[in-house]
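To keep things clear, I will list the structure first and then write my remarks on it.
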Amino acid sequence: MNQEWTDFLASRPAAGMSADEMNCVLNDLTHYGLIRVSGSDAETFLQGQLTNDVRLVTEAHSNLAGWCNAKGRMIANFRCFKRDGDYYLQTPLEHVELVLKRLGMYVLRAQVSLSDASDELIRIGLSGACSEVLLGTACESLPEATNGVQHSGALTLIRLPGSGPRFEIVGPLDDVRALWQKSEGEARVASQDAWALQEIRAGVPTVFEQTREAFVPQMMNMQLVDGVSFTKGCYTGQEVVARMQYLGTLKRRMYLAHVESANLPKPGDELYARESTSGQGAGKVVDARSSGDGCDLLAVIEVASAESGDVLLGDSGPALQIQSLPYAFPE
């Protein structure tokens with residue numbers, strides 16, 4: 001992490017927040033890493049690797065995308081955006097070294113350069129009722145549509161999905177620091193957990209180390225959050241992903257749930273259901289964060305087990321209370 005940014009944040013401690021307090025929130029997002037993909041063949045290269053159509057990633061639009069192995073299981077997933085002509089892949093910091101190494105093996109003779117931009121560009125989040133007003137006083141214009149992008153001076157603004165306005169801001173340290181200082185008088189500085197809770201409630205999945213190569217994209221609802229294109233052509237794992245979409249039956253998908261537990265589940269934790277007959281368990285936790293009298297979580301669960309309402313955290317833990325996602329499953 002950029003040491004100057006770390007020192008700046010040290011005097012501004014984050015705090016846990018309950019759901020009803022998240023109406024004006026400022027977050028440090030440097031727990032995500034950034035991979036820069038540049039060069040004349042960058043678009044073609046990424047088009048052959050990612051699940052989504054890279055041609056739709058422009059200076060005005062971002063999207064989500066998965067990166068799969070040959071069996072169609074996601075190694076990582078990214079928010080993809082474009083800035084100053086280069087592509088950026090945002091993913092949990094723990095993935096950056098692995099992705100750079102493994103993705104670099106596919107470059108071969110392509111005119112493509114991969115680099116770690118995590119310390120060069122600072123990322124923060126601003127969400128809630130105040131966010132549009134605060135950003136409107138500091139920036140020339142704001143993206144209006146979900147996944148939309150606007151550039152204001154040295155800053156890149158991305159509007160993210162959520163129940164209210166939510167933005168990510170990317171830029172050089174001095175510019176981001178100035179925006180932070182301008183916003184912190186009204187917005188409350190929150191923890192990484194508060195941001196992750198918003199991602200969970202928006203139904204946006206994240207692949208972590210514990211769930212690496214565990215799920216095909218459709219199991220994590222990537223096709224429902226602008227994360228998969230079924231018309232873009234070939235990419236690594238595409239045959240498996242396409243077969244699942246057109247010829248298979250999706251027996252597991254991602255659900256939003258609440259569980260009354262003092263112990264926070266971790267990504268990859270097993271779920272159980274008495275009715276499950278798969279022999280593979282009823283599902284796995286994708287991510288979970290504290291909320292109210294327990295925690296909210298995203299989990300990939302057998303459809304039959306989820307519909308029976310009999311899914312447990314662990315083999316004898318509390319029952320999951322399935323909640324409504326902000327998007328619908330297809331019929």
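Order determines the names: the first chain of the structure tokens is A, the second B, and so forth; residues in each chain are numbered 1 upward, and ligands are numbered 1 upward as they are shown.
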Within 12 Å of region 156-159 of chain A, which residues of region 55-98 of chain A come that close, and what is the closest atom pair and distance in Å for each? Count only C-alpha atoms and give it as CSV.
```
residue,atom,partner,partner_atom,distance
A:Thr58,CA,A:Ile158,CA,11.8
A:Glu59,CA,A:Thr156,CA,9.1
A:Ala60,CA,A:Ile158,CA,8.9
A:His61,CA,A:Ile158,CA,8.2
A:Ser62,CA,A:Ile158,CA,7.5
A:Asn63,CA,A:Ile158,CA,10.0
A:Arg79,CA,A:Ile158,CA,10.1
A:Cys80,CA,A:Ile158,CA,10.5
A:Phe81,CA,A:Ile158,CA,8.6
A:Lys82,CA,A:Thr156,CA,9.1
A:Arg83,CA,A:Thr156,CA,7.3
A:Asp84,CA,A:Thr156,CA,9.8
A:Tyr88,CA,A:Thr156,CA,11.6
```
Near Met1 (chain A), counting only C-alpha atoms, which residues have an atom at most 12 Å away, once you skip same-chain residues fewer than 2 positions from it, shown as a PyMOL selection string? chain A and resi 3-9+28-34+93+116-123+173
Restricting it to N, CA, C and O atoms, dump the selection as an mmCIF file, in the first residue's frame.
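Dumped to result18.cif:
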```cif
data_model
loop_
_atom_site.group_PDB
_atom_site.id
_atom_site.type_symbol
_atom_site.label_atom_id
_atom_site.label_comp_id
_atom_site.auth_asym_id
_atom_site.auth_seq_id
_atom_site.Cartn_x
_atom_site.Cartn_y
_atom_site.Cartn_z
ATOM 1 N N GLN A 3 2.600 4.230 1.125
ATOM 2 C CA GLN A 3 2.884 4.583 2.517
ATOM 3 C C GLN A 3 2.378 5.968 2.871
ATOM 4 O O GLN A 3 1.900 6.201 3.992
ATOM 5 N N GLU A 4 2.451 6.903 1.945
ATOM 6 C CA GLU A 4 1.963 8.255 2.232
ATOM 7 C C GLU A 4 0.452 8.244 2.471
ATOM 8 O O GLU A 4 -0.059 8.937 3.355
ATOM 9 N N TRP A 5 -0.265 7.437 1.691
ATOM 10 C CA TRP A 5 -1.704 7.307 1.889
ATOM 11 C C TRP A 5 -1.998 6.602 3.215
ATOM 12 O O TRP A 5 -2.913 6.985 3.948
ATOM 13 N N THR A 6 -1.212 5.593 3.542
ATOM 14 C CA THR A 6 -1.376 4.885 4.811
ATOM 15 C C THR A 6 -1.193 5.835 5.988
ATOM 16 O O THR A 6 -1.968 5.811 6.952
ATOM 17 N N ASP A 7 -0.174 6.675 5.906
ATOM 18 C CA ASP A 7 0.077 7.638 6.986
ATOM 19 C C ASP A 7 -1.067 8.644 7.098
ATOM 20 O O ASP A 7 -1.463 9.037 8.206
ATOM 21 N N PHE A 8 -1.611 9.052 5.961
ATOM 22 C CA PHE A 8 -2.735 9.997 5.975
ATOM 23 C C PHE A 8 -3.947 9.374 6.662
ATOM 24 O O PHE A 8 -4.627 10.012 7.475
ATOM 25 N N LEU A 9 -4.226 8.115 6.365
ATOM 26 C CA LEU A 9 -5.394 7.447 6.937
ATOM 27 C C LEU A 9 -5.231 7.141 8.426
ATOM 28 O O LEU A 9 -6.218 6.994 9.138
ATOM 29 N N ASP A 28 -11.960 3.857 2.549
ATOM 30 C CA ASP A 28 -10.714 3.535 1.877
ATOM 31 C C ASP A 28 -10.892 2.194 1.185
ATOM 32 O O ASP A 28 -11.400 1.238 1.777
ATOM 33 N N LEU A 29 -10.486 2.085 -0.086
ATOM 34 C CA LEU A 29 -10.674 0.853 -0.856
ATOM 35 C C LEU A 29 -9.351 0.232 -1.294
ATOM 36 O O LEU A 29 -9.313 -0.549 -2.248
ATOM 37 N N THR A 30 -8.275 0.572 -0.604
ATOM 38 C CA THR A 30 -6.986 0.032 -1.043
ATOM 39 C C THR A 30 -6.765 -1.403 -0.600
ATOM 40 O O THR A 30 -5.668 -1.944 -0.788
ATOM 41 N N HIS A 31 -7.804 -2.054 -0.036
ATOM 42 C CA HIS A 31 -7.729 -3.507 0.137
ATOM 43 C C HIS A 31 -7.976 -4.203 -1.202
ATOM 44 O O HIS A 31 -7.791 -5.416 -1.313
ATOM 45 N N TYR A 32 -8.401 -3.429 -2.204
ATOM 46 C CA TYR A 32 -8.436 -3.928 -3.574
ATOM 47 C C TYR A 32 -7.119 -3.581 -4.256
ATOM 48 O O TYR A 32 -6.528 -2.523 -4.001
ATOM 49 N N GLY A 33 -6.679 -4.459 -5.140
ATOM 50 C CA GLY A 33 -5.518 -4.164 -5.959
ATOM 51 C C GLY A 33 -5.941 -3.752 -7.358
ATOM 52 O O GLY A 33 -7.076 -4.001 -7.775
ATOM 53 N N LEU A 34 -5.027 -3.138 -8.080
ATOM 54 C CA LEU A 34 -5.281 -2.699 -9.454
ATOM 55 C C LEU A 34 -4.212 -3.260 -10.376
ATOM 56 O O LEU A 34 -3.015 -3.083 -10.130
ATOM 57 N N LEU A 93 -6.659 -7.514 -3.183
ATOM 58 C CA LEU A 93 -5.204 -7.383 -3.237
ATOM 59 C C LEU A 93 -4.508 -8.740 -3.210
ATOM 60 O O LEU A 93 -3.450 -8.918 -3.813
ATOM 61 N N ASP A 116 1.375 -3.832 -11.837
ATOM 62 C CA ASP A 116 0.653 -3.588 -10.599
ATOM 63 C C ASP A 116 0.572 -2.081 -10.366
ATOM 64 O O ASP A 116 1.586 -1.425 -10.145
ATOM 65 N N ALA A 117 -0.643 -1.527 -10.444
ATOM 66 C CA ALA A 117 -0.853 -0.087 -10.254
ATOM 67 C C ALA A 117 -1.474 0.221 -8.896
ATOM 68 O O ALA A 117 -1.964 1.327 -8.672
ATOM 69 N N SER A 118 -1.445 -0.745 -7.985
ATOM 70 C CA SER A 118 -2.146 -0.606 -6.709
ATOM 71 C C SER A 118 -1.648 0.564 -5.882
ATOM 72 O O SER A 118 -2.431 1.234 -5.191
ATOM 73 N N ASP A 119 -0.341 0.842 -5.914
ATOM 74 C CA ASP A 119 0.218 1.942 -5.128
ATOM 75 C C ASP A 119 0.202 3.269 -5.872
ATOM 76 O O ASP A 119 0.354 4.329 -5.269
ATOM 77 N N GLU A 120 0.018 3.195 -7.171
ATOM 78 C CA GLU A 120 0.071 4.416 -7.985
ATOM 79 C C GLU A 120 -1.239 5.188 -7.960
ATOM 80 O O GLU A 120 -1.250 6.428 -7.935
ATOM 81 N N LEU A 121 -2.350 4.462 -7.987
ATOM 82 C CA LEU A 121 -3.673 5.092 -7.989
ATOM 83 C C LEU A 121 -4.414 4.713 -6.714
ATOM 84 O O LEU A 121 -4.526 3.533 -6.370
ATOM 85 N N ILE A 122 -4.928 5.711 -6.017
ATOM 86 C CA ILE A 122 -5.658 5.496 -4.767
ATOM 87 C C ILE A 122 -7.132 5.296 -5.083
ATOM 88 O O ILE A 122 -7.689 5.937 -5.974
ATOM 89 N N ARG A 123 -7.799 4.397 -4.344
ATOM 90 C CA ARG A 123 -9.224 4.139 -4.524
ATOM 91 C C ARG A 123 -9.965 4.422 -3.229
ATOM 92 O O ARG A 123 -9.547 3.966 -2.157
ATOM 93 N N LEU A 173 -2.726 10.298 -5.562
ATOM 94 C CA LEU A 173 -2.847 10.521 -4.128
ATOM 95 C C LEU A 173 -3.295 11.932 -3.790
ATOM 96 O O LEU A 173 -4.234 12.129 -2.997
#
```
Using only C-alpha atoms, which residues sit within 10 Å of Asn77 (chain A) once same-chain residues fewer than 5 positions away are excluded, as a PyMOL selection string? chain A and resi 50-51+64-68+89-92+95+205-208+212+217+222+227
Could you write out the selected residues, including C-alpha atoms, as a CSV table (one decimal), in the first residue's frame?
```csv
chain,number,residue,atom,x,y,z
A,50,LEU,CA,-12.3,-12.6,-19.6
A,51,THR,CA,-16.0,-13.7,-19.4
A,64,LEU,CA,-17.6,-6.9,-14.1
A,65,ALA,CA,-15.8,-9.9,-15.5
A,66,GLY,CA,-14.5,-13.3,-14.4
A,67,TRP,CA,-11.3,-15.0,-15.4
A,68,CYS,CA,-11.7,-18.8,-15.6
A,89,LEU,CA,-8.7,-4.8,-13.5
A,90,GLN,CA,-9.7,-4.3,-9.8
A,91,THR,CA,-9.6,-7.4,-7.6
A,92,PRO,CA,-8.8,-8.2,-4.0
A,95,HIS,CA,-5.0,-12.0,-6.1
A,205,PRO,CA,-19.9,-11.5,-5.7
A,206,THR,CA,-16.2,-11.5,-5.0
A,207,VAL,CA,-13.8,-14.4,-5.5
A,208,PHE,CA,-11.4,-14.8,-2.6
A,212,ARG,CA,-10.7,-19.6,-6.1
A,217,PRO,CA,-19.6,-17.7,-13.2
A,222,MET,CA,-22.2,-13.1,-12.7
A,227,GLY,CA,-20.4,-10.0,-15.7
```
Backbone DSSP call of strand (DSSP E) for region 30-207 of chain A, listed as a ChimeraX atom specification: /A:32-38,63-68,74-83,86-92,113-116,122-128,149-152,155-159,166-171,188-190
Determine, counting only C-alpha atoms, which protein, DNA and RNA residues have an atom within 7 Å of an atom of Leu271 (chain A); residues of the same chain fewer than 5 positions away are not included. Present the result as a PyMOL selection string. chain A and resi 281-284+311-314
Those residues you just picked out, can you put them in a file as a short mmCIF file (atom, residue, chain, number, x, y, z; two decimals), in the first residue's frame with N, CA and C atoms?
```cif
data_model
loop_
_atom_site.label_atom_id
_atom_site.label_comp_id
_atom_site.auth_asym_id
_atom_site.auth_seq_id
_atom_site.Cartn_x
_atom_site.Cartn_y
_atom_site.Cartn_z
N GLY A 281 -22.14 -31.31 -0.23
CA GLY A 281 -22.57 -30.25 0.67
C GLY A 281 -23.61 -29.38 0.00
N ALA A 282 -24.31 -28.60 0.81
CA ALA A 282 -25.40 -27.77 0.27
C ALA A 282 -24.89 -26.48 -0.35
N GLY A 283 -23.66 -26.09 -0.04
CA GLY A 283 -23.14 -24.85 -0.61
C GLY A 283 -21.94 -24.34 0.14
N LYS A 284 -21.49 -23.14 -0.27
CA LYS A 284 -20.34 -22.48 0.36
C LYS A 284 -20.63 -20.99 0.50
N VAL A 311 -31.23 -24.74 5.19
CA VAL A 311 -29.78 -24.64 4.98
C VAL A 311 -29.15 -24.14 6.27
N LEU A 312 -28.11 -24.84 6.72
CA LEU A 312 -27.46 -24.52 7.98
C LEU A 312 -26.03 -24.05 7.75
N LEU A 313 -25.58 -23.18 8.63
CA LEU A 313 -24.18 -22.76 8.64
C LEU A 313 -23.40 -23.81 9.42
N GLY A 314 -22.60 -24.61 8.71
CA GLY A 314 -21.96 -25.74 9.37
C GLY A 314 -22.95 -26.88 9.51
#
```
Any idea what's packed within 9 Å of Pro265 (chain A), counting only C-alpha atoms, ignoring anything in its chain fewer than 3 positions away? Could you give it as a ChimeraX atom specification? /A:261,268-269,285,287-289,295,297,313
All alpha helix (DSSP H) residues (DSSP, backbone) inside region 49-161 of chain A, as number ranges by chain: A: 96-104, 131-138
Between CA of Val99 (chain A) and CA of Thr211 (chain A), what distance in Å does the model show, to one decimal?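 Interatomic distance, CA of Val99 (chain A) to CA of Thr211 (chain A): 14.8 Å.
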